[in-house]
Amino acid sequence: MDLYEHMGKDLFRAHGIPVPQGVVARSPEEAAEATRRFGGAAVVKVQVQAGGRGKGGGVALVDSPDEAARRTARMLAEGFAGHPVDRVLVEERLPIERELYASFLLDRSSGDYVGLATAEGGVEIEALAAERPGALRRVRIDPMLGLRPYHLRELTGVFPPSAREGAAAIVRCLFSLLREADATLVEVNPLVELVDGRVVALDAKVTIDDNALVRQPDLAALRDRFPIDEVERRARQAGLQYVKLDGRVGIIGNGAGLVMATLDVVARYGARAANFLDVGGGASADTMATSLEVILSDPAVRVVLINIFGGITRCDVVARGVLEALGRIEATVPIVLRLDGTNAEEGRRIIAEAAHPRIVSAPTMDEAAAQAARLAGEAGP
């Protein structure tokens with residue numbers, strides 16, 4: 001679960017990490033009033049669960065309350081990178097001497113935590129790691145040992161001497177937050193040294209492990225404060241595992257691994273997935289029908305790819321579910337269906353006898369993905 005910046009900064013404050021003064025505004029008037037509180041100049045930031053705000057116009061330096069109101073009105077009306085915006089964060093302007101970077105993340109492949117630091121903050125850290133890896137300090141931390149003094153010295157040694165003491169205090173608190181909040185990522189980009197020598201977290205990115213939310217009720221409750229796409233709302237109400245993406249091929253599969261593989265194969269054929277939807281291991285006809293209704297309600301979808309490998313899920317049940325869904329709603333896009341595994345022949349027979357004009361059968365995942373890419377108008381060469 002990715003937190004908004006202002007939520008991450010609330011956690012930072014609770015863990016003793018200095019951050020700028022800020023006010024969450026949900027209207028141009030609130031943004032203007034907050035700017036007045038900060039002396040007439042402020043920083044206005046869109047609040048979305050996405051990166052790239054600085055380059056994408058999601059951060060504005062304003063010099064008056066009227067300008068803050070205008071910028072906020074535009075952000076709320078236009079959204080950001082396809083994400084709806086229902087709030088902005090208005091913060092005080094600070095005199096910055098230099099920008100740094102610090103983060104901790106969980107490396108799932110090894111089970112270790114990894115600390116990252118560089119004296120070049122405010123940049124895309126992935127690009128820096130690829131282009132000049134020597135500028136990025138990496139430290140591996142055994143979860144059983146935790147953050148030790150030698151880890152801290154290694155990480156902060158990359159910073160200018162004037163910033164090391166203040167940065168070390170923040171880095172120590174970041175690791176404490178990571179552990180206590182069951183986070184998989186805490187990141188400050190940029191971490192800034194001010195003209196007066198103070199070190200402050202100018203940004204906050206925090207990702208909480210979804211599987212740990214059962215023991216983090218206060219953090220789990222924050223989900224109710226996220227704006228949600230109407231299609232995603234319907235999927236959540238139906239108990240489906242759904243994630244909205246930015247492509248044109250709607251994806252339905254049974255099992256997270258199969259769905260991820262389907263996304264990859266669709267991409268290999270030059271198309272992009274419109275979503276991730278996992279119906280689980282024992283999908284009933286009603287679940288399949290609901291899933292198809294959810295996908296077809298997304299106006300971006302030009303074709304639906306249903307990829308089922310029958311184990312617990314029986315392919316004949318899936319076939320009946322698809323036909324049941326098409327009896328409830330009118331499908332305006334093609335539906336590519338691949339069935340394999342338990343009762344696959346029976347499922348294919350049911351589909352063939354129905355002879356529905358919108359259903360295109362495919363015997364393999366590769367052929368299904370190629371068909372879907374072609375029908376979406378995105379097939380590669």
# chains A, B, ... in the order shown; residues from 1 in each chain; ligands from 1
call {"tool": "residues_around", "arguments": {"residues": "Leu76 in chain A", "least_positions_apart": "3", "cutoff": "9 Å", "atoms": "only C-alpha atoms", "output": "ChimeraX atom specification"}}
result
/A:26-28,46,71-73,79-80,84-88
call {"tool": "select_by_dssp", "arguments": {"residues": "range 66-168 of chain A", "states": "alpha helix (DSSP H)", "output": "MDAnalysis selection string"}}
result
chainID A and resid 66:78 125:131 149:156 161:168
call {"tool": "write_last_selection", "arguments": {"atoms": "C-alpha atoms", "output": "PDB file, in the first residue's frame"}}
result
ATOM      1  CA  ASP A  66      -3.991  33.806  -5.765  1.00  0.00           C
ATOM      2  CA  GLU A  67      -1.367  31.834  -7.685  1.00  0.00           C
ATOM      3  CA  ALA A  68      -1.734  28.960  -5.207  1.00  0.00           C
ATOM      4  CA  ALA A  69      -5.489  28.951  -5.807  1.00  0.00           C
ATOM      5  CA  ARG A  70      -5.054  28.933  -9.608  1.00  0.00           C
ATOM      6  CA  ARG A  71      -2.500  26.118  -9.579  1.00  0.00           C
ATOM      7  CA  THR A  72      -4.589  24.070  -7.166  1.00  0.00           C
ATOM      8  CA  ALA A  73      -7.730  24.507  -9.269  1.00  0.00           C
ATOM      9  CA  ARG A  74      -5.874  23.200 -12.317  1.00  0.00           C
ATOM     10  CA  MET A  75      -4.406  20.223 -10.449  1.00  0.00           C
ATOM     11  CA  LEU A  76      -7.780  19.214  -9.038  1.00  0.00           C
ATOM     12  CA  ALA A  77      -9.499  19.569 -12.420  1.00  0.00           C
ATOM     13  CA  GLU A  78      -6.897  17.911 -14.642  1.00  0.00           C
ATOM     14  CA  ILE A 125      17.463   7.342  -8.506  1.00  0.00           C
ATOM     15  CA  GLU A 126      17.013   4.463 -10.984  1.00  0.00           C
ATOM     16  CA  ALA A 127      18.745   6.499 -13.705  1.00  0.00           C
ATOM     17  CA  LEU A 128      21.564   7.451 -11.345  1.00  0.00           C
ATOM     18  CA  ALA A 129      22.070   3.801 -10.358  1.00  0.00           C
ATOM     19  CA  ALA A 130      22.257   2.770 -14.009  1.00  0.00           C
ATOM     20  CA  GLU A 131      24.405   5.613 -15.312  1.00  0.00           C
ATOM     21  CA  PRO A 149      26.595   2.030  13.824  1.00  0.00           C
ATOM     22  CA  TYR A 150      28.881   0.840  11.037  1.00  0.00           C
ATOM     23  CA  HIS A 151      25.888   0.734   8.635  1.00  0.00           C
ATOM     24  CA  LEU A 152      25.071   4.306   9.574  1.00  0.00           C
ATOM     25  CA  ARG A 153      28.658   5.479   9.065  1.00  0.00           C
ATOM     26  CA  GLU A 154      28.805   3.784   5.674  1.00  0.00           C
ATOM     27  CA  LEU A 155      25.570   5.365   4.450  1.00  0.00           C
ATOM     28  CA  THR A 156      26.113   8.892   5.748  1.00  0.00           C
ATOM     29  CA  PRO A 161      30.511  16.680   6.344  1.00  0.00           C
ATOM     30  CA  SER A 162      28.195  19.583   7.192  1.00  0.00           C
ATOM     31  CA  ALA A 163      25.108  17.393   6.672  1.00  0.00           C
ATOM     32  CA  ARG A 164      26.262  14.110   8.210  1.00  0.00           C
ATOM     33  CA  GLU A 165      25.118  14.582  11.778  1.00  0.00           C
ATOM     34  CA  GLY A 166      21.609  15.752  10.862  1.00  0.00           C
ATOM     35  CA  ALA A 167      21.307  13.144   8.120  1.00  0.00           C
ATOM     36  CA  ALA A 168      22.430  10.352  10.462  1.00  0.00           C
TER      37      ALA A 168
END
call {"tool": "closest_residue", "arguments": {"among": "A:Ile252, A:Ala271, A:Leu105, A:Met7", "to": "Phe309 in chain A", "atoms": "only C-alpha atoms"}}
result
A:Ile252
call {"tool": "residues_around", "arguments": {"residues": "Val259 in chain A", "least_positions_apart": "4", "cutoff": "12 Å", "atoms": "only C-alpha atoms", "output": "PyMOL selection string"}}
result
chain A and resi 241-243+250-255+263-266+273+275-281+305-309+365+369
call {"tool": "atom_distance", "arguments": {"atom1": "CA of Thr290 in chain A", "atom2": "CA of Arg234 in chain A"}}
result
9.2 Å
call {"tool": "closest_residue", "arguments": {"among": "A:Leu94, A:Ile335, A:Ala183, A:Val158", "to": "Arg198 in chain A", "atoms": "only C-alpha atoms"}}
result
A:Leu94
call {"tool": "closest_atom_pairs", "arguments": {"of": "range 281-323 of chain A", "to": "range 370-376 of chain A", "cutoff": "8 Å", "atoms": "only C-alpha atoms", "output": "Markdown table"}}
result
| residue | atom | partner | partner_atom | distance |
| --- | --- | --- | --- | --- |
| A:Arg302 | CA | A:Ala376 | CA | 5.4 |
| A:Val303 | CA | A:Ala376 | CA | 5.7 |
| A:Val304 | CA | A:Ala372 | CA | 7.2 |
| A:Leu305 | CA | A:Ala372 | CA | 6.3 |
call {"tool": "write_last_selection", "arguments": {"atoms": "N, CA and C atoms", "output": "compact mmCIF listing (two decimals), in the first residue's frame"}}
result
# COMPACT_ATOMS: atom_id res chain seq x y z
N ARG A 302 -10.22 -2.52 -25.08
CA ARG A 302 -10.61 -2.78 -26.47
C ARG A 302 -10.76 -4.27 -26.76
N VAL A 303 -10.19 -5.09 -25.91
CA VAL A 303 -10.31 -6.54 -26.05
C VAL A 303 -10.06 -7.14 -24.68
N VAL A 304 -10.72 -8.27 -24.39
CA VAL A 304 -10.53 -8.96 -23.13
C VAL A 304 -9.84 -10.29 -23.41
N LEU A 305 -8.81 -10.59 -22.62
CA LEU A 305 -8.12 -11.88 -22.71
C LEU A 305 -8.37 -12.65 -21.42
call {"tool": "residues_around", "arguments": {"residues": "Leu185 in chain A", "least_positions_apart": "4", "cutoff": "6 Å", "atoms": "only C-alpha atoms", "output": "ChimeraX atom specification"}}
result
/A:104-105,206-207
call {"tool": "write_last_selection", "arguments": {"atoms": "C-alpha atoms", "output": "PDB file, in the first residue's frame"}}
result
ATOM      1  CA  PHE A 104      15.569   1.779   2.978  1.00  0.00           C
ATOM      2  CA  LEU A 105      13.829  -1.044   1.192  1.00  0.00           C
ATOM      3  CA  VAL A 206       6.305   5.078   2.202  1.00  0.00           C
ATOM      4  CA  THR A 207       5.057   1.670   1.037  1.00  0.00           C
TER       5      THR A 207
END
call {"tool": "atom_distance", "arguments": {"atom1": "CA of Arg53 in chain A", "atom2": "CA of Asp246 in chain A"}}
result
17.7 Å
call {"tool": "atom_distance", "arguments": {"atom1": "CA of Ala300 in chain A", "atom2": "CA of Ala368 in chain A"}}
result
19.4 Å
call {"tool": "closest_residue", "arguments": {"among": "A:Glu99, A:Leu202, A:Val139, A:Glu230", "to": "Val19 in chain A", "atoms": "only C-alpha atoms"}}
result
A:Leu202
